[in-house]
Structure formats: structure tokens, C-alpha cells
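Visitor: Pasting my_file_14.cif below, which is mmCIF, C-alpha atoms.
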```cif
data_target
loop_
_atom_site.label_atom_id
_atom_site.label_comp_id
_atom_site.auth_asym_id
_atom_site.auth_seq_id
_atom_site.Cartn_x
_atom_site.Cartn_y
_atom_site.Cartn_z
CA MET E 259 -26.54 -21.21 -32.81
CA VAL E 260 -24.50 -21.67 -35.95
CA SER E 261 -25.61 -24.56 -38.14
CA LYS E 262 -23.02 -26.52 -40.04
CA ILE E 263 -24.16 -27.46 -43.52
CA ILE E 264 -22.55 -30.50 -45.19
CA ASN E 265 -22.91 -30.65 -48.98
CA ARG E 266 -23.18 -34.19 -50.33
CA SER E 267 -21.64 -34.97 -53.72
CA PRO E 268 -24.29 -36.08 -56.28
CA THR E 269 -22.00 -38.94 -57.29
CA LYS E 270 -22.14 -40.51 -53.85
CA PRO E 271 -24.87 -43.03 -53.19
CA PHE E 272 -27.83 -41.90 -51.09
CA ARG E 273 -27.92 -43.50 -47.67
CA ARG E 274 -31.23 -44.21 -46.02
CA HIS E 275 -31.36 -42.97 -42.42
CA ARG E 276 -33.36 -44.54 -39.68
CA ARG E 277 -36.49 -42.64 -38.92
CA LYS E 278 -36.38 -41.11 -35.45
CA SER E 279 -39.06 -41.88 -32.96
CA PRO E 280 -41.83 -39.21 -32.75
CA ILE E 281 -41.47 -39.29 -28.97
CA LYS E 282 -37.76 -38.52 -29.15
CA ASN E 283 -38.44 -35.75 -31.66
CA ALA E 284 -41.04 -34.23 -29.34
CA SER E 285 -38.66 -34.43 -26.36
CA SER E 286 -35.89 -32.75 -28.31
CA ALA E 287 -38.24 -30.00 -29.39
CA VAL E 288 -39.32 -29.36 -25.79
CA VAL E 289 -35.70 -29.21 -24.59
CA ALA E 290 -34.78 -26.86 -27.41
CA THR E 291 -37.75 -24.63 -26.58
CA ILE E 292 -36.73 -24.50 -22.91
CA HIS E 293 -33.15 -23.59 -23.85
CA ARG E 294 -34.36 -20.84 -26.14
CA SER E 295 -36.66 -19.48 -23.42
CA LEU E 296 -33.87 -19.48 -20.82
CA TYR E 297 -31.54 -17.73 -23.24
CA THR E 298 -34.18 -15.11 -24.06
CA CYS E 299 -34.90 -14.48 -20.35
CA HIS E 300 -31.18 -14.16 -19.65
CA ARG E 301 -30.75 -11.56 -22.40
CA ARG E 302 -33.78 -9.60 -21.22
CA LEU E 303 -32.56 -9.60 -17.61
CA LEU E 304 -29.18 -8.28 -18.73
CA LYS E 305 -30.87 -5.43 -20.59
CA ILE E 306 -33.14 -4.59 -17.64
CA PHE E 307 -30.26 -4.57 -15.12
CA SER E 308 -28.12 -2.48 -17.46
CA LYS E 309 -30.89 0.12 -17.76
CA LEU E 310 -31.37 0.21 -13.99
CA ALA E 311 -27.68 0.97 -13.57
CA ARG E 312 -27.93 3.98 -15.87
CA ILE E 313 -31.30 5.45 -14.98
CA SER E 314 -31.43 7.70 -11.90
CA THR E 315 -34.44 7.24 -9.67
CA PRO E 316 -36.79 10.17 -8.87
CA ASN E 317 -35.44 10.15 -5.31
CA ARG E 318 -31.92 10.74 -6.56
CA HIS E 319 -28.92 9.63 -4.50
CA LYS E 320 -31.08 7.75 -2.03
CA GLY E 321 -29.78 4.52 -3.46
CA TYR E 322 -26.76 3.43 -5.43
CA LYS E 323 -27.03 0.53 -7.82
CA SER E 324 -24.10 -1.20 -9.43
CA LEU E 325 -24.21 -4.15 -11.82
CA ARG E 326 -21.35 -6.46 -12.61
CA LYS E 327 -20.89 -9.56 -14.78
CA ALA E 328 -18.83 -12.30 -13.21
CA ALA E 329 -17.01 -14.30 -15.83
CA SER E 330 -17.26 -18.06 -15.43
CA ALA E 331 -14.31 -20.36 -15.97
CA SER E 332 -16.61 -22.79 -17.78
CA SER E 333 -18.89 -22.29 -20.76
CA GLU E 334 -21.78 -21.32 -18.46
CA PRO E 335 -23.46 -17.93 -19.17
CA ASP E 336 -22.21 -14.87 -17.27
CA ILE E 337 -23.73 -14.45 -13.82
CA VAL E 338 -25.30 -11.06 -13.18
CA ARG E 339 -24.57 -9.76 -9.67
CA THR E 340 -26.70 -6.89 -8.46
CA LEU E 341 -25.31 -4.83 -5.59
CA VAL E 342 -27.77 -2.46 -3.96
CA PHE E 343 -26.53 0.19 -1.51
CA GLU E 344 -29.52 1.83 0.12
CA ASN E 345 -29.20 5.36 1.53
CA ARG E 346 -25.70 5.86 0.18
CA LEU E 347 -24.59 8.94 -1.73
CA LEU E 348 -21.32 7.36 -2.88
CA PRO E 349 -20.35 3.99 -4.37
CA PRO E 350 -18.00 1.75 -2.38
CA LEU E 351 -14.39 2.79 -1.99
CA ILE E 352 -12.16 1.56 -4.80
CA SER E 353 -9.22 1.59 -2.42
CA PRO E 354 -10.42 0.70 1.11
CA ALA E 355 -7.13 1.90 2.59
CA LYS E 356 -7.87 5.51 1.62
CA ARG E 357 -9.64 7.92 3.92
CA THR E 358 -12.20 10.38 2.60
CA VAL E 359 -11.92 14.18 2.44
CA LEU E 360 -15.05 16.12 1.55
CA LEU E 361 -14.44 19.63 0.28
CA ASP E 362 -16.88 22.47 -0.09
CA LEU E 363 -16.58 24.48 -3.31
CA ASP E 364 -17.69 28.13 -3.08
CA GLU E 365 -15.69 30.26 -0.65
CA THR E 366 -13.64 27.17 0.23
CA LEU E 367 -11.85 26.28 -3.01
CA VAL E 368 -13.02 29.16 -5.21
CA HIS E 369 -15.01 32.40 -5.19
CA SER E 370 -17.48 33.18 -7.96
CA LYS E 371 -19.12 36.44 -8.97
CA LEU E 372 -21.81 37.31 -11.48
CA ASP E 373 -21.68 40.26 -13.90
CA PRO E 374 -20.16 42.78 -13.94
CA PRO E 375 -16.74 41.07 -14.12
CA PRO E 376 -14.30 41.72 -11.27
CA GLU E 377 -10.78 43.00 -11.80
CA LYS E 378 -9.26 39.57 -11.30
CA PHE E 379 -10.59 36.11 -12.10
CA ASP E 380 -9.14 32.82 -13.39
CA PHE E 381 -11.90 31.59 -15.68
CA VAL E 382 -15.54 32.07 -16.65
CA VAL E 383 -18.38 29.53 -16.68
CA ARG E 384 -21.70 30.11 -18.36
CA PRO E 385 -24.35 27.72 -17.02
CA ARG E 386 -27.96 27.79 -18.11
CA ILE E 387 -30.10 28.21 -14.98
CA ASP E 388 -33.88 28.49 -15.22
CA GLY E 389 -33.57 28.98 -18.95
CA GLU E 390 -31.11 31.88 -18.65
CA ILE E 391 -27.39 31.78 -19.41
CA LEU E 392 -25.41 33.46 -16.64
CA ASN E 393 -21.76 34.54 -16.50
CA PHE E 394 -19.84 33.45 -13.39
CA TYR E 395 -16.32 34.84 -12.99
CA VAL E 396 -14.34 32.35 -10.89
CA LEU E 397 -11.23 33.09 -8.81
CA LYS E 398 -9.30 30.12 -7.44
CA ARG E 399 -8.15 30.18 -3.84
CA PRO E 400 -4.35 30.47 -3.60
CA GLY E 401 -2.74 27.05 -3.46
CA VAL E 402 -5.86 25.11 -4.51
CA ASP E 403 -4.12 23.20 -7.31
CA GLN E 404 -1.25 22.13 -5.07
CA PHE E 405 -3.71 21.27 -2.29
CA LEU E 406 -5.71 18.89 -4.47
CA GLU E 407 -2.58 17.22 -5.83
CA ALA E 408 -1.15 16.79 -2.34
CA LEU E 409 -4.28 14.93 -1.19
CA ALA E 410 -4.83 12.84 -4.31
CA ASP E 411 -2.43 9.97 -3.56
CA LYS E 412 -3.50 9.23 0.01
CA PHE E 413 -7.15 10.32 0.13
CA GLU E 414 -10.41 9.89 -1.68
CA ILE E 415 -11.36 13.46 -2.62
CA VAL E 416 -15.06 14.28 -2.81
CA VAL E 417 -16.34 17.77 -3.57
CA PHE E 418 -19.63 18.24 -1.74
CA THR E 419 -21.26 21.55 -2.62
CA ALA E 420 -24.65 23.10 -1.97
CA GLY E 421 -24.36 24.74 -5.37
CA LEU E 422 -26.48 23.76 -8.34
CA LYS E 423 -25.05 21.06 -10.57
CA GLU E 424 -25.49 23.23 -13.68
CA TYR E 425 -23.03 25.74 -12.24
CA ALA E 426 -20.76 23.65 -10.00
CA SER E 427 -20.02 20.93 -12.56
CA LEU E 428 -18.62 23.53 -14.97
CA VAL E 429 -16.42 25.03 -12.26
CA LEU E 430 -15.09 21.59 -11.32
CA ASN E 431 -14.34 20.78 -14.95
CA HIS E 432 -11.94 23.73 -14.93
CA LEU E 433 -10.60 23.06 -11.45
CA ASP E 434 -9.99 19.34 -11.84
CA LYS E 435 -7.84 19.24 -14.97
CA LYS E 436 -5.80 16.32 -13.61
CA SER E 437 -8.85 14.29 -12.53
CA VAL E 438 -7.88 13.98 -8.87
CA ILE E 439 -11.45 14.41 -7.59
CA SER E 440 -13.10 11.01 -7.15
CA HIS E 441 -16.73 12.11 -6.78
CA ARG E 442 -18.93 15.20 -6.98
CA LEU E 443 -22.02 15.82 -4.87
CA TYR E 444 -24.33 18.78 -5.47
CA ARG E 445 -27.30 20.52 -3.89
CA ASP E 446 -29.62 17.60 -4.58
CA SER E 447 -27.50 15.50 -2.21
CA CYS E 448 -27.99 17.96 0.66
CA LYS E 449 -30.79 17.97 3.20
CA GLU E 450 -32.78 21.17 3.53
CA VAL E 451 -33.30 21.97 7.21
CA GLU E 452 -35.09 25.21 8.08
CA GLY E 453 -34.09 26.71 4.76
CA LYS E 454 -30.43 25.74 5.12
CA TYR E 455 -28.56 23.09 3.17
CA VAL E 456 -26.99 20.42 5.38
CA LYS E 457 -24.48 17.79 4.24
CA ASP E 458 -25.34 14.64 6.18
CA LEU E 459 -22.16 12.57 6.29
CA SER E 460 -24.04 9.55 7.63
CA GLU E 461 -25.44 9.02 4.13
CA ILE E 462 -22.21 8.96 2.12
CA GLY E 463 -21.50 5.29 2.84
CA ARG E 464 -18.20 5.82 4.63
CA ASP E 465 -16.93 5.00 8.12
CA LEU E 466 -17.12 8.37 9.90
CA ARG E 467 -13.92 7.54 11.73
CA ARG E 468 -12.19 7.90 8.37
CA VAL E 469 -13.93 11.05 7.11
CA VAL E 470 -13.18 14.78 7.26
CA ILE E 471 -15.17 17.64 5.77
CA VAL E 472 -13.68 21.08 5.06
CA ASP E 473 -16.30 23.82 4.77
CA ASP E 474 -16.61 27.55 5.46
CA ASN E 475 -20.30 27.24 6.41
CA PRO E 476 -21.03 25.75 9.88
CA ASN E 477 -24.60 24.96 8.81
CA ALA E 478 -23.25 22.43 6.31
CA TYR E 479 -21.84 20.05 8.93
CA VAL E 480 -24.26 20.65 11.80
CA PHE E 481 -25.06 16.91 11.97
CA GLN E 482 -21.40 15.86 12.34
CA PRO E 483 -19.40 18.83 13.70
CA GLU E 484 -16.71 16.53 15.09
CA ASN E 485 -15.76 15.56 11.52
CA ALA E 486 -15.45 19.16 10.32
CA ILE E 487 -12.55 21.51 9.84
CA PRO E 488 -13.93 25.06 9.56
CA ILE E 489 -12.12 27.24 7.08
CA PRO E 490 -12.42 31.04 6.70
CA SER E 491 -14.39 32.14 3.66
CA PHE E 492 -12.29 33.10 0.66
CA ILE E 493 -13.24 36.13 -1.43
CA ASP E 494 -10.22 37.63 -3.16
CA ASP E 495 -7.25 37.73 -0.78
CA PRO E 496 -4.11 36.86 -2.81
CA ALA E 497 -2.17 36.25 0.43
CA ASP E 498 -4.61 33.60 1.70
CA MET E 499 -2.70 30.66 3.26
CA GLU E 500 -5.52 28.45 4.55
CA LEU E 501 -5.15 25.60 2.07
CA ARG E 502 -1.39 25.48 2.58
CA LYS E 503 -1.99 25.11 6.32
CA LEU E 504 -4.40 22.27 5.70
CA VAL E 505 -1.83 20.35 3.66
CA LYS E 506 0.26 20.02 6.83
CA PHE E 507 -2.74 18.65 8.72
CA PHE E 508 -3.39 15.97 6.11
CA GLU E 509 0.26 14.97 6.12
CA VAL E 510 0.08 13.91 9.78
CA CYS E 511 -3.56 12.92 10.33
CA GLU E 512 -2.87 9.33 9.30
CA CYS E 513 -1.22 8.85 12.68
CA TYR E 514 -4.71 8.81 14.20
CA ASP E 515 -7.00 5.80 13.97
CA ASP E 516 -10.00 8.11 14.22
CA MET E 517 -9.93 11.22 12.02
CA ARG E 518 -12.19 12.97 14.51
CA ASP E 519 -9.37 12.82 17.05
CA ALA E 520 -7.03 14.36 14.49
CA VAL E 521 -9.54 17.15 13.82
CA LYS E 522 -9.95 17.83 17.53
CA GLN E 523 -6.18 18.03 18.03
CA TYR E 524 -5.75 20.31 15.00
CA LEU E 525 -8.49 22.70 16.06
CA SER E 526 -7.18 22.91 19.64
CA ARG E 527 -3.82 24.06 18.31
CA GLU E 528 -5.48 26.58 15.99
CA GLU E 529 -7.28 28.17 18.95
CA ILE E 530 -4.04 28.78 20.84
#
```
Using the file provided, produce a representation of the structure as C-alpha cells.
Guide:
Amino acid sequence: MVSKIINRSPTKPFRRHRRKSPIKNASSAVVATIHRSLYTCHRRLLKIFSKLARISTPNRHKGYKSLRKAASASSEPDIVRTLVFENRLLPPLISPAKRTVLLDLDETLVHSKLDPPPEKFDFVVRPRIDGEILNFYVLKRPGVDQFLEALADKFEIVVFTAGLKEYASLVLNHLDKKSVISHRLYRDSCKEVEGKYVKDLSEIGRDLRRVVIVDDNPNAYVFQPENAIPIPSFIDDPADMELRKLVKFFEVCECYDDMRDAVKQYLSREEI
């Protein structure tokens, strides 16, 4: 509170003020104390909620917490709204009209190799894993840049990899120069079942009728095979056309209310 100080001129006569009642003074003091306490509690709550939004819990990705301040039209303090999404790997869709495409990374979008370096590669990443810096030589699958750009306008793109974050995040930094990937999920978002990493789509917080996963590993989508488009593993074939074929699928899949029907139709044609 800013106090306004009024300086009286020494030439002006001194006016005697009525002495306020002790009871009124005590009441004013109590009210002021309550206001100060409410203000202090409000500030502390804001700090606590802000920290909760930034700190990841030990059981990472099992809950998503988002905090927002709702501005009031009056002079009332901001209202803190806490939104808790239990068992959700992803925050709510920014654009509800978009459908979600989950893409595997290794052998789906790229192929990586450790030392010694191969004859051909597009870039190198050097993550520190278990205290050791490793060299990964990364080759992009033909058409991957065009594929991501083609999906960006109509779909929410999520890369869901069983790779370690230390490695995969560096690869995605190179791959996603135009920031078309909405979210990244790593190994710690997978479920380990009999020594295999499974990507449980029921935990991403999306309507499964509006979700497709593209992955070269059938173990990854064993819980929701009807949502999956299998793709052959990519190693180093410069004539690979798989991503270009998928672009055509995503151009027409919006005709289906349920993406699982679109997947079924696409796969039946591929088998012919």
C-alpha cells in the first residue's frame, strides 16, 4: 500500500483533530491485520502453485498439472485455477479439432549408429549416458522433413519413442527445426512389460477414435493394435518410400469419424 504524505505549511494554523474512539481504532487494526493476512496467504498460494507446475513428481508423467490465473474485470485479486489431469501423458489439446499422430523415432523417422561412423549420415549427436559421452551418427529417413510438414497443419504431432531422453531429445532438436512437433514422449512414458517397452495410448489423454500411432515395432502398440500403422524398419535405403505413402493416407483419413476405421481400410489395401 502506498501512503500519501501531505506536507503542511508552517505558516498555516494548526487544526485540532477529534480524537478517535479506542474501539474504532481497535476495529480498524483488526480489519487491517485480516487484510494483510489474506494478502500474504494469497501470495504464498501463488508461489506454491507455481512451483507445483514446474516440479516433476517422482512418478513422472502419471499426472499433468497446469496452473492459470484468471483475470478479473474488477479490482479483485486474480483467481488461481488448478487443473489436474490424472493418468495423462499429454496436456489438453490446444486445438480440439486436430487429431493426434504419434510417431516412433528410431527406425521409423531416423536410423542411428554408434562409432565407427558409417559412410553416410545427416548429423551427429553426442549425449552423455551413464557418465559417458557417446557419438550417434543419425541418418534421416527419405522424405521425413516433407512428411512432418505435411502433417503439421491438420494434426497434433507427438513423437513417442522408447529411446532415452538424453539421446532422443538431441535428435529431435535437429529433426524439428521448424517446430512442428507438439510434444515429445520418451522411455519413461512407456510401460515395461516382460522386458519390452509398450506405449499405452490409453494414458495420453486423447480420444482413441482420433489417434493413430506409426511404429516399426509391434510390441510398442500391443495394447491398441487397431490404432497402429506398422511401418518397415528403416536402416539406410535411399530409395525408401514409406513416409511418402503415409502422406497420402493422412490426406484422406479425415473422411472417417473413427481413425481406427481409416487404419483398417488402409492396411487392407496394403495387403492386396
Visitor: Can you list what the PyMOL selection byres ((chain E and resi 461-472) around 9) grabs from this structure, as a PyMOL selection string?
Guide: chain E and resi 320+343+345-351+356-362+366+418+457-460+473-474+479+482+484-489+515-519+521
Visitor: Those residues you just picked out, can you put them in a file as a PDB file, keeping the file's coordinate frame with C-alpha atoms?
Guide:
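Writing the result to part.pdb gives the following:
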```pdb
ATOM      1  CA  LYS E 320     -31.080   7.750  -2.030  1.00  0.00           C
ATOM      2  CA  PHE E 343     -26.530   0.190  -1.510  1.00  0.00           C
ATOM      3  CA  ASN E 345     -29.200   5.360   1.530  1.00  0.00           C
ATOM      4  CA  ARG E 346     -25.700   5.860   0.180  1.00  0.00           C
ATOM      5  CA  LEU E 347     -24.590   8.940  -1.730  1.00  0.00           C
ATOM      6  CA  LEU E 348     -21.320   7.360  -2.880  1.00  0.00           C
ATOM      7  CA  PRO E 349     -20.350   3.990  -4.370  1.00  0.00           C
ATOM      8  CA  PRO E 350     -18.000   1.750  -2.380  1.00  0.00           C
ATOM      9  CA  LEU E 351     -14.390   2.790  -1.990  1.00  0.00           C
ATOM     10  CA  LYS E 356      -7.870   5.510   1.620  1.00  0.00           C
ATOM     11  CA  ARG E 357      -9.640   7.920   3.920  1.00  0.00           C
ATOM     12  CA  THR E 358     -12.200  10.380   2.600  1.00  0.00           C
ATOM     13  CA  VAL E 359     -11.920  14.180   2.440  1.00  0.00           C
ATOM     14  CA  LEU E 360     -15.050  16.120   1.550  1.00  0.00           C
ATOM     15  CA  LEU E 361     -14.440  19.630   0.280  1.00  0.00           C
ATOM     16  CA  ASP E 362     -16.880  22.470  -0.090  1.00  0.00           C
ATOM     17  CA  THR E 366     -13.640  27.170   0.230  1.00  0.00           C
ATOM     18  CA  PHE E 418     -19.630  18.240  -1.740  1.00  0.00           C
ATOM     19  CA  LYS E 457     -24.480  17.790   4.240  1.00  0.00           C
ATOM     20  CA  ASP E 458     -25.340  14.640   6.180  1.00  0.00           C
ATOM     21  CA  LEU E 459     -22.160  12.570   6.290  1.00  0.00           C
ATOM     22  CA  SER E 460     -24.040   9.550   7.630  1.00  0.00           C
ATOM     23  CA  ASP E 473     -16.300  23.820   4.770  1.00  0.00           C
ATOM     24  CA  ASP E 474     -16.610  27.550   5.460  1.00  0.00           C
ATOM     25  CA  TYR E 479     -21.840  20.050   8.930  1.00  0.00           C
ATOM     26  CA  GLN E 482     -21.400  15.860  12.340  1.00  0.00           C
ATOM     27  CA  GLU E 484     -16.710  16.530  15.090  1.00  0.00           C
ATOM     28  CA  ASN E 485     -15.760  15.560  11.520  1.00  0.00           C
ATOM     29  CA  ALA E 486     -15.450  19.160  10.320  1.00  0.00           C
ATOM     30  CA  ILE E 487     -12.550  21.510   9.840  1.00  0.00           C
ATOM     31  CA  PRO E 488     -13.930  25.060   9.560  1.00  0.00           C
ATOM     32  CA  ILE E 489     -12.120  27.240   7.080  1.00  0.00           C
ATOM     33  CA  ASP E 515      -7.000   5.800  13.970  1.00  0.00           C
ATOM     34  CA  ASP E 516     -10.000   8.110  14.220  1.00  0.00           C
ATOM     35  CA  MET E 517      -9.930  11.220  12.020  1.00  0.00           C
ATOM     36  CA  ARG E 518     -12.190  12.970  14.510  1.00  0.00           C
ATOM     37  CA  ASP E 519      -9.370  12.820  17.050  1.00  0.00           C
ATOM     38  CA  VAL E 521      -9.540  17.150  13.820  1.00  0.00           C
TER      39      VAL E 521
END
```
Visitor: Might you spell out which residues the PyMOL selection byres ((chain E and resi 421) around 6) would select in the displayed file, as a PDB file with C-alpha atoms, in the coordinates of the input?
Guide:
```
ATOM      1  CA  THR E 419     -21.260  21.550  -2.620  1.00  0.00           C
ATOM      2  CA  ALA E 420     -24.650  23.100  -1.970  1.00  0.00           C
ATOM      3  CA  LEU E 422     -26.480  23.760  -8.340  1.00  0.00           C
ATOM      4  CA  ALA E 426     -20.760  23.650 -10.000  1.00  0.00           C
ATOM      5  CA  TYR E 444     -24.330  18.780  -5.470  1.00  0.00           C
ATOM      6  CA  ARG E 445     -27.300  20.520  -3.890  1.00  0.00           C
TER       7      ARG E 445
END
```
Visitor: Would you mind reading off the distance between atom CA of E:Val505 and atom CA of E:Tyr524, one decimal, in Å?
Guide: 12.0 Å
Visitor: Just the number, please: distance in Å from atom CA of E:Pro400 to atom CA of E:Leu428, one decimal.
Guide: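 One can read the atom CA of E:Pro400 to atom CA of E:Leu428 distance as 19.5 Å.
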Visitor: Given the file shown, enumerate the residues that the PyMOL selection byres ((chain E and resi 377-383) around 7) captures and present them as a ChimeraX atom specification.
Guide: /E:375-376,384-385,393-398,428-429
Visitor: For the residues in the current selection, export C-alpha atoms as a CSV table (one decimal), in the frame of the given file.
Guide:
```csv
chain,number,residue,atom,x,y,z
E,375,PRO,CA,-16.7,41.1,-14.1
E,376,PRO,CA,-14.3,41.7,-11.3
E,384,ARG,CA,-21.7,30.1,-18.4
E,385,PRO,CA,-24.4,27.7,-17.0
E,393,ASN,CA,-21.8,34.5,-16.5
E,394,PHE,CA,-19.8,33.4,-13.4
E,395,TYR,CA,-16.3,34.8,-13.0
E,396,VAL,CA,-14.3,32.4,-10.9
E,397,LEU,CA,-11.2,33.1,-8.8
E,398,LYS,CA,-9.3,30.1,-7.4
E,428,LEU,CA,-18.6,23.5,-15.0
E,429,VAL,CA,-16.4,25.0,-12.3
```
Visitor: From the list E:Leu443, E:Leu430, E:Leu409, E:Val417, which residue is nearest E:Lys506 when using all atoms listed in the file?
Guide: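 Nearest candidate to E:Lys506 out of E:Leu443, E:Leu430, E:Leu409, E:Val417: E:Leu409.
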Visitor: Just the number, please: distance in Å from atom CA of E:Lys503 to atom CA of E:Leu367, one decimal.
Guide: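 Between atom CA of E:Lys503 and atom CA of E:Leu367 the gap is 13.6 Å.
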Visitor: For E:Glu365, which of E:Glu450, E:Phe507, E:Tyr514, E:Asp498 is the closest residue, counting only C-alpha atoms?
Guide: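 Of E:Glu450, E:Phe507, E:Tyr514, E:Asp498, the one nearest E:Glu365, counting only C-alpha atoms, is E:Asp498.
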Visitor: Nearest residue to E:Lys423 out of E:Gln404, E:Asn475, E:Ser447, E:Ser440, using all atoms listed in the file?
Guide: E:Ser447
Visitor: Counting all atoms listed in the file, figure out which residue out of E:Cys513, E:Leu392, E:Val456, E:Val438 gets nearest to E:Ser370.
Guide: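 Under the stated criterion, the closest residue is E:Leu392.
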Visitor: Would you mind telling me which residue in E:Arg442, E:Arg399, E:Lys522, E:His369 lies nearest to E:Ile415 when using only C-alpha atoms?
Guide: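 When distances to E:Ile415 are compared using only C-alpha atoms, the smallest one comes from E:Arg442.
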Visitor: Using all atoms of stretch 370-385 of chain E that appear in the file, construct an axis-aligned enclosing box with 5 Å of padding on every side and provide its centre coordinates and edge lengths in Å, rounded to one decimal, as AutoDock Vina command-line options.
Guide:
```
--center_x -16.7 --center_y 35.4 --center_z -13.2 --size_x 25.2 --size_y 25.3 --size_z 20.4
```
